[in-house]
Amino acid sequence: MADYQKPADTRFVKFFACANGFIAVAMGAVAAHALADPHAAELAQKASAYQLTHALLLLVLAPYTGKIFAAARLAIAVGLVFFCGALYVYALTGFEPVIHLVPIGGICFMLGWLLAAYAFIKEGKQNG
């Protein structure tokens with residue numbers, strides 16, 4: 001069975017997670033201090049909270065190998081782009097069509113959590 005993760009992949013996942021953590025904190029500051037529209041600030045703050053939470057989840061999942069963990073990481077990464085990215089674009093520009101990506105990102109987040117849970121259960125059965 002293939003390992004599905006090389007050391008370079010682990011480094012990239014950790015870099016991606018840390019970059020998202022940085023963006024989350026920066027966008028939280030923008031939401032709190034730079035956005036005049038209260039609705040836009042609320043959306044950016046919500047995206048920031050979700051982004052930070054899922055960046056931390058990626059850091060937790062980074063060292064684990066296997067197809068299911070890889071799928072969980074991919075789902076979380078897609079969720080970060082679609083959910084948080086779309087909310088940021090909408091909050092900053094008001095470009096409405098992008099808001100239709102948000103539910104897809106939310107589904108990816110949920111799928112990532114479910115895959116991670118399944119992977120941990122499956123790993124426990126193999127090691128236990």
# chains A, B, ... in the order shown; residues from 1 in each chain; ligands from 1

$ select_by_dssp --residues "region 18-124 of chain A" --states "alpha helix (DSSP H)" --output "PyMOL selection string"
chain A and resi 18-33+38-61+67-79+86-93+102-124

$ write_last_selection --atoms "C-alpha atoms" --output "PDB file, in the first residue's frame"
ATOM      1  CA  CYS A  18       0.417  28.448   8.782  1.00  0.00           C
ATOM      2  CA  ALA A  19      -0.232  30.714   5.794  1.00  0.00           C
ATOM      3  CA  ASN A  20      -3.957  30.312   6.402  1.00  0.00           C
ATOM      4  CA  GLY A  21      -3.482  31.086  10.090  1.00  0.00           C
ATOM      5  CA  PHE A  22      -1.674  34.286   9.144  1.00  0.00           C
ATOM      6  CA  ILE A  23      -4.380  35.288   6.675  1.00  0.00           C
ATOM      7  CA  ALA A  24      -7.073  34.540   9.266  1.00  0.00           C
ATOM      8  CA  VAL A  25      -5.488  36.843  11.835  1.00  0.00           C
ATOM      9  CA  ALA A  26      -4.870  39.569   9.252  1.00  0.00           C
ATOM     10  CA  MET A  27      -8.436  39.397   7.956  1.00  0.00           C
ATOM     11  CA  GLY A  28      -9.777  39.410  11.509  1.00  0.00           C
ATOM     12  CA  ALA A  29      -7.937  42.689  12.007  1.00  0.00           C
ATOM     13  CA  VAL A  30      -9.322  44.061   8.748  1.00  0.00           C
ATOM     14  CA  ALA A  31     -12.830  43.055   9.829  1.00  0.00           C
ATOM     15  CA  ALA A  32     -12.419  44.705  13.226  1.00  0.00           C
ATOM     16  CA  HIS A  33     -10.703  47.899  12.131  1.00  0.00           C
ATOM     17  CA  PRO A  38     -21.118  46.102   9.613  1.00  0.00           C
ATOM     18  CA  HIS A  39     -22.432  43.234   7.454  1.00  0.00           C
ATOM     19  CA  ALA A  40     -19.143  42.980   5.530  1.00  0.00           C
ATOM     20  CA  ALA A  41     -17.198  43.094   8.818  1.00  0.00           C
ATOM     21  CA  GLU A  42     -19.358  40.306  10.242  1.00  0.00           C
ATOM     22  CA  LEU A  43     -18.792  38.108   7.179  1.00  0.00           C
ATOM     23  CA  ALA A  44     -15.035  38.687   7.253  1.00  0.00           C
ATOM     24  CA  GLN A  45     -14.943  37.939  10.990  1.00  0.00           C
ATOM     25  CA  LYS A  46     -16.878  34.711  10.446  1.00  0.00           C
ATOM     26  CA  ALA A  47     -14.524  33.672   7.647  1.00  0.00           C
ATOM     27  CA  SER A  48     -11.543  34.498   9.849  1.00  0.00           C
ATOM     28  CA  ALA A  49     -12.815  32.295  12.680  1.00  0.00           C
ATOM     29  CA  TYR A  50     -13.482  29.353  10.353  1.00  0.00           C
ATOM     30  CA  GLN A  51     -10.141  29.816   8.637  1.00  0.00           C
ATOM     31  CA  LEU A  52      -8.194  29.819  11.883  1.00  0.00           C
ATOM     32  CA  THR A  53     -10.038  26.742  13.169  1.00  0.00           C
ATOM     33  CA  HIS A  54      -9.412  24.779   9.993  1.00  0.00           C
ATOM     34  CA  ALA A  55      -5.792  25.910   9.707  1.00  0.00           C
ATOM     35  CA  LEU A  56      -5.256  24.364  13.134  1.00  0.00           C
ATOM     36  CA  LEU A  57      -7.021  21.198  11.999  1.00  0.00           C
ATOM     37  CA  LEU A  58      -4.629  20.969   9.052  1.00  0.00           C
ATOM     38  CA  LEU A  59      -1.669  21.247  11.423  1.00  0.00           C
ATOM     39  CA  VAL A  60      -3.092  18.378  13.471  1.00  0.00           C
ATOM     40  CA  LEU A  61      -3.661  16.228  10.375  1.00  0.00           C
ATOM     41  CA  LYS A  67      -5.476   7.893   1.744  1.00  0.00           C
ATOM     42  CA  ILE A  68      -8.228   8.896   4.164  1.00  0.00           C
ATOM     43  CA  PHE A  69      -6.077  11.467   5.982  1.00  0.00           C
ATOM     44  CA  ALA A  70      -4.963  12.829   2.590  1.00  0.00           C
ATOM     45  CA  ALA A  71      -8.595  13.131   1.498  1.00  0.00           C
ATOM     46  CA  ALA A  72      -9.466  14.903   4.756  1.00  0.00           C
ATOM     47  CA  ARG A  73      -6.650  17.408   4.253  1.00  0.00           C
ATOM     48  CA  LEU A  74      -7.729  18.037   0.665  1.00  0.00           C
ATOM     49  CA  ALA A  75     -11.360  18.582   1.678  1.00  0.00           C
ATOM     50  CA  ILE A  76     -10.271  21.068   4.367  1.00  0.00           C
ATOM     51  CA  ALA A  77      -8.012  22.914   1.896  1.00  0.00           C
ATOM     52  CA  VAL A  78     -10.814  23.198  -0.666  1.00  0.00           C
ATOM     53  CA  GLY A  79     -13.147  24.366   2.104  1.00  0.00           C
ATOM     54  CA  ALA A  86     -15.561  33.540  -1.101  1.00  0.00           C
ATOM     55  CA  LEU A  87     -16.652  35.296   2.106  1.00  0.00           C
ATOM     56  CA  TYR A  88     -13.557  37.515   1.996  1.00  0.00           C
ATOM     57  CA  VAL A  89     -14.080  38.416  -1.661  1.00  0.00           C
ATOM     58  CA  TYR A  90     -17.719  39.234  -1.031  1.00  0.00           C
ATOM     59  CA  ALA A  91     -16.977  41.235   2.141  1.00  0.00           C
ATOM     60  CA  LEU A  92     -14.205  43.242   0.471  1.00  0.00           C
ATOM     61  CA  THR A  93     -15.712  43.781  -2.985  1.00  0.00           C
ATOM     62  CA  VAL A 102     -19.669  29.359   0.313  1.00  0.00           C
ATOM     63  CA  PRO A 103     -21.981  26.328   0.756  1.00  0.00           C
ATOM     64  CA  ILE A 104     -19.606  24.169  -1.287  1.00  0.00           C
ATOM     65  CA  GLY A 105     -16.792  25.191   1.051  1.00  0.00           C
ATOM     66  CA  GLY A 106     -18.943  24.426   4.085  1.00  0.00           C
ATOM     67  CA  ILE A 107     -19.710  20.959   2.742  1.00  0.00           C
ATOM     68  CA  CYS A 108     -15.980  20.422   2.178  1.00  0.00           C
ATOM     69  CA  PHE A 109     -15.296  21.419   5.795  1.00  0.00           C
ATOM     70  CA  MET A 110     -17.883  18.941   7.060  1.00  0.00           C
ATOM     71  CA  LEU A 111     -16.536  16.222   4.788  1.00  0.00           C
ATOM     72  CA  GLY A 112     -13.003  16.904   6.019  1.00  0.00           C
ATOM     73  CA  TRP A 113     -14.059  16.531   9.657  1.00  0.00           C
ATOM     74  CA  LEU A 114     -15.934  13.294   8.892  1.00  0.00           C
ATOM     75  CA  LEU A 115     -13.000  11.862   6.954  1.00  0.00           C
ATOM     76  CA  ALA A 116     -10.596  12.791   9.747  1.00  0.00           C
ATOM     77  CA  ALA A 117     -12.839  11.131  12.335  1.00  0.00           C
ATOM     78  CA  TYR A 118     -13.127   8.001  10.211  1.00  0.00           C
ATOM     79  CA  ALA A 119      -9.362   7.919   9.635  1.00  0.00           C
ATOM     80  CA  PHE A 120      -8.662   8.178  13.370  1.00  0.00           C
ATOM     81  CA  ILE A 121     -11.151   5.400  14.130  1.00  0.00           C
ATOM     82  CA  LYS A 122      -9.711   3.188  11.405  1.00  0.00           C
ATOM     83  CA  GLU A 123      -6.145   3.916  12.579  1.00  0.00           C
ATOM     84  CA  GLY A 124      -7.089   2.996  16.147  1.00  0.00           C
TER      85      GLY A 124
END

$ atom_distance --atom1 "CA of Phe12 (chain A)" --atom2 "CA of Phe83 (chain A)"
20.8 Å
